[in-house]
Amino acid sequence: MSERVRRIVTTRVQHPTAIAEAAAHRVKAKSVLGDNGRAMIIAADHPARGANAVGADPSAMADRAELLDRLCTALERPGVTGVLGTADILEDLLLLGVLDGKSVFGSMNRGGLAGSAFEIDDRFTGYDAATIAAMGFDGGKMLTRIALEDPATAEALENSAHAIDALNDRALIAMVEPFLSRWADGRIRNDLTPDAVIKSITIASGLGRTSAYTWLKLPVVDDMPRVLASSTLPVLLLGGEVADAEAAFTAWRKALAHPTVQGLVVGRSLLYPASGDVAGAVDRAVSLL
């Protein structure tokens, strides 16, 4: 067990109130966009959906000590502005004291477990808006998959709308990650054609009784100028699992030129790069900004 994990476990056992104390004393980010006007947010909320795989390793993200080591390395790099995660991970990072000056986003709906028969019924089992506000974080993120043939989509959309309202009421960013999805061979597949992504954007942009604090977290697909023209909401580009790093960086660079794009939210491709060099991968992503 790493020294970091030993410290965390000891604190959780002997002094659990240290989490709230660390949140209260954390130095908040001056801006979600950092000093350079662009966001570089590290995403680490995958394990809570049971999505632990990276490449050929089905349990890569399940080793918490290694994940925390990689997160600490990423957060130490110049230009990294924030992190996105579930309570367990963000609280580990709070106890390690590595979130000062960073924007922090709580992951809200993790109930649609990867590969489950109820994946579209994506319950809000993580953060709620009240706790995000109480912890002094900057916003909440929700995955919003729209499967037109699945009746559970209606409630999933309603729940996302309620979460957006609750975050907007507290002047917190509602980071919405929409996909037009479908069932195929017993699994949910996201449709990444430009027309499908555009439809998901127009649906997600209209959720809630106000969009004043709503941002979109979007994949980089073909014909991004047309895709990004479908909304005036601020956009953060997601990374996903990258098979071709060179192609991904080229695509990110082109999309970042669009005026609605405010930065990147990237997880596995930077935390578990094929090269094994977390710092190098993060630095290269930051250079795009």
# chains A, B, ... in the order shown; residues from 1 in each chain; ligands from 1

call {"tool": "closest_atom_pairs", "arguments": {"of": "stretch 90-131 of chain A", "to": "stretch 27-50 of chain A", "cutoff": "8 Å", "atoms": "only C-alpha atoms", "output": "JSON lines"}}
result
{"residue": "A:Leu99", "atom": "CA", "partner": "A:Val27", "partner_atom": "CA", "distance": 7.7}
{"residue": "A:Asp100", "atom": "CA", "partner": "A:Val27", "partner_atom": "CA", "distance": 4.6}
{"residue": "A:Gly101", "atom": "CA", "partner": "A:Ala29", "partner_atom": "CA", "distance": 4.2}
{"residue": "A:Lys102", "atom": "CA", "partner": "A:Ala29", "partner_atom": "CA", "distance": 4.9}
{"residue": "A:Ser103", "atom": "CA", "partner": "A:Ala29", "partner_atom": "CA", "distance": 5.3}
{"residue": "A:Ser107", "atom": "CA", "partner": "A:Asp45", "partner_atom": "CA", "distance": 6.5}
{"residue": "A:Arg110", "atom": "CA", "partner": "A:Arg49", "partner_atom": "CA", "distance": 5.4}
{"residue": "A:Gly111", "atom": "CA", "partner": "A:Arg49", "partner_atom": "CA", "distance": 6.8}
{"residue": "A:Gly112", "atom": "CA", "partner": "A:Arg49", "partner_atom": "CA", "distance": 6.7}
{"residue": "A:Leu113", "atom": "CA", "partner": "A:Arg49", "partner_atom": "CA", "distance": 4.6}
{"residue": "A:Ala114", "atom": "CA", "partner": "A:Arg49", "partner_atom": "CA", "distance": 5.7}

call {"tool": "write_last_selection", "arguments": {"atoms": "all heavy atoms", "output": "mmCIF file, in the first residue's frame"}}
result
data_model
loop_
_atom_site.group_PDB
_atom_site.id
_atom_site.type_symbol
_atom_site.label_atom_id
_atom_site.label_comp_id
_atom_site.auth_asym_id
_atom_site.auth_seq_id
_atom_site.Cartn_x
_atom_site.Cartn_y
_atom_site.Cartn_z
ATOM 1 N N LEU A 99 -5.812 19.894 -4.093
ATOM 2 C CA LEU A 99 -6.862 20.599 -4.845
ATOM 3 C C LEU A 99 -6.837 22.113 -4.654
ATOM 4 O O LEU A 99 -7.711 22.808 -5.184
ATOM 5 C CB LEU A 99 -8.245 20.050 -4.456
ATOM 6 C CG LEU A 99 -8.497 18.583 -4.805
ATOM 7 C CD1 LEU A 99 -9.937 18.206 -4.480
ATOM 8 C CD2 LEU A 99 -8.195 18.316 -6.269
ATOM 9 N N ASP A 100 -5.849 22.627 -3.953
ATOM 10 C CA ASP A 100 -5.756 24.079 -3.808
ATOM 11 C C ASP A 100 -5.565 24.735 -5.170
ATOM 12 O O ASP A 100 -4.727 24.312 -5.986
ATOM 13 C CB ASP A 100 -4.581 24.458 -2.903
ATOM 14 C CG ASP A 100 -4.895 24.260 -1.431
ATOM 15 O OD1 ASP A 100 -6.079 24.046 -1.096
ATOM 16 O OD2 ASP A 100 -3.956 24.307 -0.609
ATOM 17 N N GLY A 101 -6.353 25.777 -5.409
ATOM 18 C CA GLY A 101 -6.223 26.530 -6.646
ATOM 19 C C GLY A 101 -6.813 25.852 -7.863
ATOM 20 O O GLY A 101 -6.678 26.367 -8.976
ATOM 21 N N LYS A 102 -7.481 24.706 -7.662
ATOM 22 C CA LYS A 102 -8.074 23.973 -8.778
ATOM 23 C C LYS A 102 -9.596 24.122 -8.767
ATOM 24 O O LYS A 102 -10.211 24.212 -7.704
ATOM 25 C CB LYS A 102 -7.729 22.481 -8.700
ATOM 26 C CG LYS A 102 -6.235 22.169 -8.604
ATOM 27 C CD LYS A 102 -5.483 22.629 -9.827
ATOM 28 C CE LYS A 102 -4.008 22.242 -9.736
ATOM 29 N NZ LYS A 102 -3.220 22.797 -10.860
ATOM 30 N N SER A 103 -10.197 24.131 -9.930
ATOM 31 C CA SER A 103 -11.648 24.018 -9.994
ATOM 32 C C SER A 103 -12.015 22.558 -9.772
ATOM 33 O O SER A 103 -11.262 21.652 -10.143
ATOM 34 C CB SER A 103 -12.180 24.506 -11.348
ATOM 35 O OG SER A 103 -11.651 23.733 -12.407
ATOM 36 N N SER A 107 -19.238 14.590 -9.835
ATOM 37 C CA SER A 107 -20.000 13.745 -10.753
ATOM 38 C C SER A 107 -21.294 13.311 -10.073
ATOM 39 O O SER A 107 -21.270 12.798 -8.957
ATOM 40 C CB SER A 107 -19.162 12.529 -11.150
ATOM 41 O OG SER A 107 -19.760 11.830 -12.205
ATOM 42 N N ARG A 110 -24.337 8.350 -11.438
ATOM 43 C CA ARG A 110 -23.465 7.205 -11.691
ATOM 44 C C ARG A 110 -24.240 5.892 -11.628
ATOM 45 O O ARG A 110 -23.649 4.815 -11.592
ATOM 46 C CB ARG A 110 -22.334 7.158 -10.660
ATOM 47 C CG ARG A 110 -21.398 8.344 -10.666
ATOM 48 C CD ARG A 110 -20.390 8.278 -11.803
ATOM 49 N NE ARG A 110 -20.906 8.825 -13.039
ATOM 50 C CZ ARG A 110 -20.287 8.729 -14.220
ATOM 51 N NH1 ARG A 110 -19.151 8.083 -14.325
ATOM 52 N NH2 ARG A 110 -20.821 9.261 -15.289
ATOM 53 N N GLY A 111 -25.590 5.971 -11.591
ATOM 54 C CA GLY A 111 -26.390 4.759 -11.404
ATOM 55 C C GLY A 111 -26.562 3.909 -12.641
ATOM 56 O O GLY A 111 -26.916 2.735 -12.546
ATOM 57 N N GLY A 112 -26.316 4.472 -13.830
ATOM 58 C CA GLY A 112 -26.431 3.695 -15.063
ATOM 59 C C GLY A 112 -25.164 2.901 -15.302
ATOM 60 O O GLY A 112 -24.333 3.249 -16.147
ATOM 61 N N LEU A 113 -25.003 1.826 -14.558
ATOM 62 C CA LEU A 113 -23.745 1.081 -14.557
ATOM 63 C C LEU A 113 -23.402 0.553 -15.947
ATOM 64 O O LEU A 113 -24.263 0.074 -16.682
ATOM 65 C CB LEU A 113 -23.819 -0.074 -13.564
ATOM 66 C CG LEU A 113 -24.107 0.313 -12.116
ATOM 67 C CD1 LEU A 113 -24.106 -0.921 -11.233
ATOM 68 C CD2 LEU A 113 -23.114 1.348 -11.613
ATOM 69 N N ALA A 114 -22.132 0.635 -16.291
ATOM 70 C CA ALA A 114 -21.669 0.210 -17.606
ATOM 71 C C ALA A 114 -22.006 -1.257 -17.847
ATOM 72 O O ALA A 114 -21.684 -2.126 -17.034
ATOM 73 C CB ALA A 114 -20.165 0.425 -17.716
#

call {"tool": "select_by_dssp", "arguments": {"residues": "stretch 6-145 of chain A", "states": "helix (DSSP H, G or I)", "output": "PyMOL selection string"}}
result
chain A and resi 6-14+18-25+46-49+60-62+64-76+87-96+129-134

call {"tool": "residues_around", "arguments": {"residues": "A:Cys72", "least_positions_apart": "2", "cutoff": "10 Å", "atoms": "only C-alpha atoms", "output": "number ranges by chain"}}
result
A: 66-70, 74-77, 93, 96-99, 271

call {"tool": "write_last_selection", "arguments": {"atoms": "all heavy atoms", "output": "CSV table (one decimal), in the first residue's frame"}}
result
chain,number,residue,atom,x,y,z
A,66,GLU,N,-2.7,3.5,-7.5
A,66,GLU,CA,-2.1,3.9,-8.7
A,66,GLU,C,-2.9,5.1,-9.3
A,66,GLU,O,-2.3,6.0,-9.9
A,66,GLU,CB,-2.1,2.7,-9.7
A,66,GLU,CG,-1.4,3.1,-11.0
A,66,GLU,CD,-1.3,1.9,-12.0
A,66,GLU,OE1,-1.6,0.8,-11.6
A,66,GLU,OE2,-0.8,2.1,-13.1
A,67,LEU,N,-4.2,5.0,-9.3
A,67,LEU,CA,-5.1,6.1,-9.8
A,67,LEU,C,-4.7,7.4,-9.1
A,67,LEU,O,-4.6,8.4,-9.8
A,67,LEU,CB,-6.5,5.7,-9.7
A,67,LEU,CG,-7.5,6.8,-10.1
A,67,LEU,CD1,-7.3,7.3,-11.5
A,67,LEU,CD2,-9.0,6.4,-9.9
A,68,LEU,N,-4.6,7.4,-7.8
A,68,LEU,CA,-4.3,8.6,-7.1
A,68,LEU,C,-2.9,9.1,-7.4
A,68,LEU,O,-2.7,10.3,-7.5
A,68,LEU,CB,-4.4,8.3,-5.5
A,68,LEU,CG,-5.8,8.1,-5.0
A,68,LEU,CD1,-5.8,7.7,-3.5
A,68,LEU,CD2,-6.7,9.4,-5.2
A,69,ASP,N,-2.0,8.2,-7.6
A,69,ASP,CA,-0.6,8.6,-7.9
A,69,ASP,C,-0.7,9.4,-9.3
A,69,ASP,O,0.0,10.4,-9.5
A,69,ASP,CB,0.3,7.4,-8.0
A,69,ASP,CG,0.7,6.9,-6.6
A,69,ASP,OD1,0.5,7.7,-5.7
A,69,ASP,OD2,1.3,5.8,-6.6
A,70,ARG,N,-1.4,8.8,-10.2
A,70,ARG,CA,-1.5,9.4,-11.6
A,70,ARG,C,-2.3,10.7,-11.5
A,70,ARG,O,-1.9,11.7,-12.2
A,70,ARG,CB,-2.2,8.4,-12.5
A,70,ARG,CG,-1.3,7.2,-12.9
A,70,ARG,CD,-2.1,6.1,-13.6
A,70,ARG,NE,-1.3,4.9,-13.9
A,70,ARG,CZ,-0.7,4.7,-15.0
A,70,ARG,NH1,-0.7,5.7,-16.0
A,70,ARG,NH2,0.1,3.7,-15.2
A,74,ALA,N,-0.8,14.4,-12.6
A,74,ALA,CA,-1.5,15.3,-13.5
A,74,ALA,C,-1.8,16.6,-12.9
A,74,ALA,O,-1.6,17.7,-13.6
A,74,ALA,CB,-2.8,14.6,-14.0
A,75,LEU,N,-2.3,16.6,-11.7
A,75,LEU,CA,-2.7,17.9,-11.1
A,75,LEU,C,-1.6,18.8,-10.8
A,75,LEU,O,-1.7,20.0,-10.6
A,75,LEU,CB,-3.5,17.6,-9.8
A,75,LEU,CG,-4.9,17.0,-10.0
A,75,LEU,CD1,-5.5,16.5,-8.7
A,75,LEU,CD2,-5.9,18.1,-10.6
A,76,GLU,N,-0.4,18.2,-10.7
A,76,GLU,CA,0.8,19.1,-10.4
A,76,GLU,C,1.3,19.8,-11.6
A,76,GLU,O,2.2,20.7,-11.5
A,76,GLU,CB,1.9,18.2,-9.8
A,76,GLU,CG,1.7,17.7,-8.4
A,76,GLU,CD,2.7,16.6,-8.0
A,76,GLU,OE1,3.5,16.1,-8.9
A,76,GLU,OE2,2.6,16.1,-6.8
A,77,ARG,N,0.9,19.4,-12.8
A,77,ARG,CA,1.4,19.9,-14.1
A,77,ARG,C,0.9,21.3,-14.3
A,77,ARG,O,-0.2,21.6,-14.1
A,77,ARG,CB,1.1,19.0,-15.3
A,77,ARG,CG,1.5,17.6,-15.1
A,77,ARG,CD,3.0,17.4,-14.7
A,77,ARG,NE,3.9,18.1,-15.7
A,77,ARG,CZ,5.2,18.3,-15.5
A,77,ARG,NH1,5.7,18.0,-14.3
A,77,ARG,NH2,5.9,18.8,-16.4
A,93,LEU,N,-8.5,13.2,-2.7
A,93,LEU,CA,-7.6,14.3,-3.1
A,93,LEU,C,-7.6,15.4,-2.2
A,93,LEU,O,-6.6,16.1,-2.0
A,93,LEU,CB,-8.0,14.7,-4.5
A,93,LEU,CG,-7.9,13.7,-5.7
A,93,LEU,CD1,-8.5,14.2,-7.0
A,93,LEU,CD2,-6.4,13.3,-5.9
A,96,LEU,N,-5.3,14.6,0.6
A,96,LEU,CA,-3.9,14.7,0.2
A,96,LEU,C,-3.5,16.2,0.0
A,96,LEU,O,-2.3,16.4,-0.3
A,96,LEU,CB,-3.7,13.9,-1.1
A,96,LEU,CG,-3.8,12.4,-1.0
A,96,LEU,CD1,-3.8,11.7,-2.4
A,96,LEU,CD2,-2.8,11.8,-0.1
A,97,GLY,N,-4.4,17.1,0.0
A,97,GLY,CA,-4.1,18.5,-0.1
A,97,GLY,C,-3.7,19.0,-1.5
A,97,GLY,O,-2.9,19.9,-1.6
A,98,VAL,N,-4.2,18.3,-2.6
A,98,VAL,CA,-3.7,18.6,-3.9
A,98,VAL,C,-4.7,19.4,-4.7
A,98,VAL,O,-4.5,19.6,-5.9
A,98,VAL,CB,-3.3,17.3,-4.7
A,98,VAL,CG1,-2.2,16.6,-4.0
A,98,VAL,CG2,-4.5,16.4,-4.8
A,99,LEU,N,-5.8,19.9,-4.1
A,99,LEU,CA,-6.9,20.6,-4.8
A,99,LEU,C,-6.8,22.1,-4.7
A,99,LEU,O,-7.7,22.8,-5.2
A,99,LEU,CB,-8.2,20.1,-4.5
A,99,LEU,CG,-8.5,18.6,-4.8
A,99,LEU,CD1,-9.9,18.2,-4.5
A,99,LEU,CD2,-8.2,18.3,-6.3
A,271,LEU,N,-4.4,10.0,-18.1
A,271,LEU,CA,-4.0,9.3,-16.9
A,271,LEU,C,-3.3,8.0,-17.2
A,271,LEU,O,-2.5,7.5,-16.4
A,271,LEU,CB,-5.2,9.1,-16.0
A,271,LEU,CG,-5.8,10.4,-15.4
A,271,LEU,CD1,-7.1,10.0,-14.6
A,271,LEU,CD2,-4.8,11.1,-14.4

call {"tool": "atom_distance", "arguments": {"atom1": "atom CA of A:Ile164", "atom2": "atom CA of A:Thr214"}}
result
7.2 Å

call {"tool": "atom_distance", "arguments": {"atom1": "atom CA of A:Ala174", "atom2": "atom CA of A:Val227"}}
result
20.1 Å

call {"tool": "residues_around", "arguments": {"residues": "A:Leu236", "least_positions_apart": "6", "cutoff": "6 Å", "atoms": "only C-alpha atoms", "output": "list in words"}}
result
Lys217, Val261, Gln262, Gly263 and Leu264 of chain A

call {"tool": "select_by_dssp", "arguments": {"residues": "stretch 11-94 of chain A", "states": "strand (DSSP E or B)", "output": "PyMOL selection string"}}
result
chain A and resi 39-43+54+57+82-85

call {"tool": "residues_around", "arguments": {"residues": "A:Asp92", "least_positions_apart": "6", "cutoff": "9 Å", "atoms": "only C-alpha atoms", "output": "short mmCIF file (atom, residue, chain, number, x, y, z; two decimals) with N, CA and C atoms, in the first residue's frame"}}
result
data_model
loop_
_atom_site.label_atom_id
_atom_site.label_comp_id
_atom_site.auth_asym_id
_atom_site.auth_seq_id
_atom_site.Cartn_x
_atom_site.Cartn_y
_atom_site.Cartn_z
N VAL A 5 -2.02 6.22 0.34
CA VAL A 5 -3.21 5.47 0.74
C VAL A 5 -3.22 5.23 2.24
N ILE A 8 -4.50 8.31 3.90
CA ILE A 8 -5.94 8.49 3.68
C ILE A 8 -6.75 7.56 4.57
N ILE A 19 -12.36 15.51 6.22
CA ILE A 19 -12.76 15.76 4.83
C ILE A 19 -13.45 17.12 4.72
N LEU A 68 -4.62 7.36 -7.79
CA LEU A 68 -4.31 8.59 -7.05
C LEU A 68 -2.92 9.11 -7.39
#

call {"tool": "closest_residue", "arguments": {"among": "A:Ala166, A:Val176, A:Leu228, A:Ala245", "to": "A:Thr210", "atoms": "only C-alpha atoms"}}
result
A:Ala166

call {"tool": "atom_distance", "arguments": {"atom1": "atom CA of A:Gly85", "atom2": "atom CA of A:Gly106"}}
result
5.5 Å

call {"tool": "residues_around", "arguments": {"residues": "A:Gly208", "least_positions_apart": "4", "cutoff": "7 Å", "atoms": "only C-alpha atoms", "output": "PyMOL selection string"}}
result
chain A and resi 161-162+164-165

call {"tool": "closest_atom_pairs", "arguments": {"of": "stretch 50-94 of chain A", "to": "stretch 115-138 of chain A", "cutoff": "9 Å", "atoms": "only C-alpha atoms", "output": "JSON lines"}}
result
{"residue": "A:Gly50", "atom": "CA", "partner": "A:Gly115", "partner_atom": "CA", "distance": 8.6}
{"residue": "A:Ala51", "atom": "CA", "partner": "A:Gly115", "partner_atom": "CA", "distance": 8.9}
{"residue": "A:Thr86", "atom": "CA", "partner": "A:Gly126", "partner_atom": "CA", "distance": 6.5}
{"residue": "A:Ala87", "atom": "CA", "partner": "A:Tyr127", "partner_atom": "CA", "distance": 6.9}

call {"tool": "write_last_selection", "arguments": {"atoms": "N, CA, C and O atoms", "output": "tab-separated table (two decimals), in the first residue's frame"}}
result
chain	number	residue	atom	x	y	z
A	50	GLY	N	-18.48	1.44	-12.74
A	50	GLY	CA	-17.93	0.13	-13.03
A	50	GLY	C	-17.13	0.11	-14.31
A	50	GLY	O	-16.82	-0.96	-14.84
A	51	ALA	N	-16.77	1.29	-14.80
A	51	ALA	CA	-16.00	1.40	-16.05
A	51	ALA	C	-14.53	1.55	-15.70
A	51	ALA	O	-13.97	2.65	-15.73
A	86	THR	N	-16.04	11.60	-8.47
A	86	THR	CA	-17.06	11.25	-7.49
A	86	THR	C	-16.53	11.57	-6.09
A	86	THR	O	-15.34	11.87	-5.91
A	87	ALA	N	-17.41	11.48	-5.10
A	87	ALA	CA	-17.05	11.90	-3.75
A	87	ALA	C	-15.85	11.15	-3.20
A	87	ALA	O	-14.96	11.75	-2.57

call {"tool": "residues_around", "arguments": {"residues": "A:Asp195", "least_positions_apart": "3", "cutoff": "12 Å", "atoms": "only C-alpha atoms", "output": "list in words"}}
result
Phe179, Leu180, Asp191, Leu192, Ile198, Lys199, Ser200, Ile201, Thr202, Val221, Asp222, Asp223, Met224, Arg226, Val227, Leu228, Ala229 and Ser230 of chain A

call {"tool": "write_last_selection", "arguments": {"atoms": "N, CA and C atoms", "output": "compact mmCIF listing (two decimals), in the first residue's frame"}}
result
# COMPACT_ATOMS: atom_id res chain seq x y z
N PHE A 179 -25.47 12.41 -25.17
CA PHE A 179 -25.24 11.49 -26.29
C PHE A 179 -26.59 11.00 -26.80
N LEU A 180 -26.72 10.86 -28.09
CA LEU A 180 -27.82 10.10 -28.66
C LEU A 180 -27.34 8.64 -28.69
N ASP A 191 -24.05 7.15 -30.54
CA ASP A 191 -23.98 7.49 -31.96
C ASP A 191 -23.12 8.76 -32.09
N LEU A 192 -21.97 8.63 -32.71
CA LEU A 192 -21.03 9.74 -32.81
C LEU A 192 -21.01 10.36 -34.21
N ILE A 198 -25.37 16.57 -32.94
CA ILE A 198 -26.13 17.83 -33.01
C ILE A 198 -27.49 17.67 -32.35
N LYS A 199 -28.18 16.57 -32.63
CA LYS A 199 -29.49 16.37 -32.01
C LYS A 199 -29.37 16.29 -30.49
N SER A 200 -28.34 15.60 -30.00
CA SER A 200 -28.16 15.50 -28.55
C SER A 200 -27.87 16.87 -27.94
N ILE A 201 -27.13 17.71 -28.65
CA ILE A 201 -26.81 19.06 -28.17
C ILE A 201 -28.08 19.91 -28.07
N THR A 202 -28.90 19.86 -29.11
CA THR A 202 -30.10 20.71 -29.10
C THR A 202 -31.08 20.27 -28.02
N VAL A 221 -15.97 14.94 -32.96
CA VAL A 221 -16.40 14.07 -34.05
C VAL A 221 -16.13 14.76 -35.38
N ASP A 222 -16.53 14.13 -36.47
CA ASP A 222 -16.38 14.76 -37.78
C ASP A 222 -17.24 16.01 -37.87
N ASP A 223 -16.81 16.93 -38.71
CA ASP A 223 -17.58 18.15 -39.02
C ASP A 223 -17.89 18.96 -37.76
N MET A 224 -16.86 19.16 -36.92
CA MET A 224 -17.06 19.88 -35.66
C MET A 224 -17.56 21.32 -35.83
N ARG A 226 -19.82 22.46 -37.81
CA ARG A 226 -21.29 22.37 -37.90
C ARG A 226 -21.88 21.89 -36.58
N VAL A 227 -21.20 20.94 -35.93
CA VAL A 227 -21.67 20.44 -34.64
C VAL A 227 -21.71 21.55 -33.60
N LEU A 228 -20.62 22.31 -33.51
CA LEU A 228 -20.52 23.35 -32.49
C LEU A 228 -21.41 24.55 -32.78
N ALA A 229 -21.84 24.68 -34.03
CA ALA A 229 -22.74 25.78 -34.39
C ALA A 229 -24.16 25.56 -33.90
N SER A 230 -24.44 24.40 -33.30
CA SER A 230 -25.82 24.07 -32.91
C SER A 230 -26.20 24.62 -31.54

call {"tool": "closest_residue", "arguments": {"among": "A:Pro194, A:Gly139, A:Gly186, A:Gly267", "to": "A:Ala285", "atoms": "only C-alpha atoms"}}
result
A:Gly267

call {"tool": "closest_residue", "arguments": {"among": "A:Asp63, A:Asp169, A:Asp185, A:Asp57", "to": "A:Tyr213", "atoms": "only C-alpha atoms"}}
result
A:Asp169

call {"tool": "closest_residue", "arguments": {"among": "A:Met142, A:Arg268, A:Ala274, A:Glu91", "to": "A:Thr11", "atoms": "only C-alpha atoms"}}
result
A:Glu91
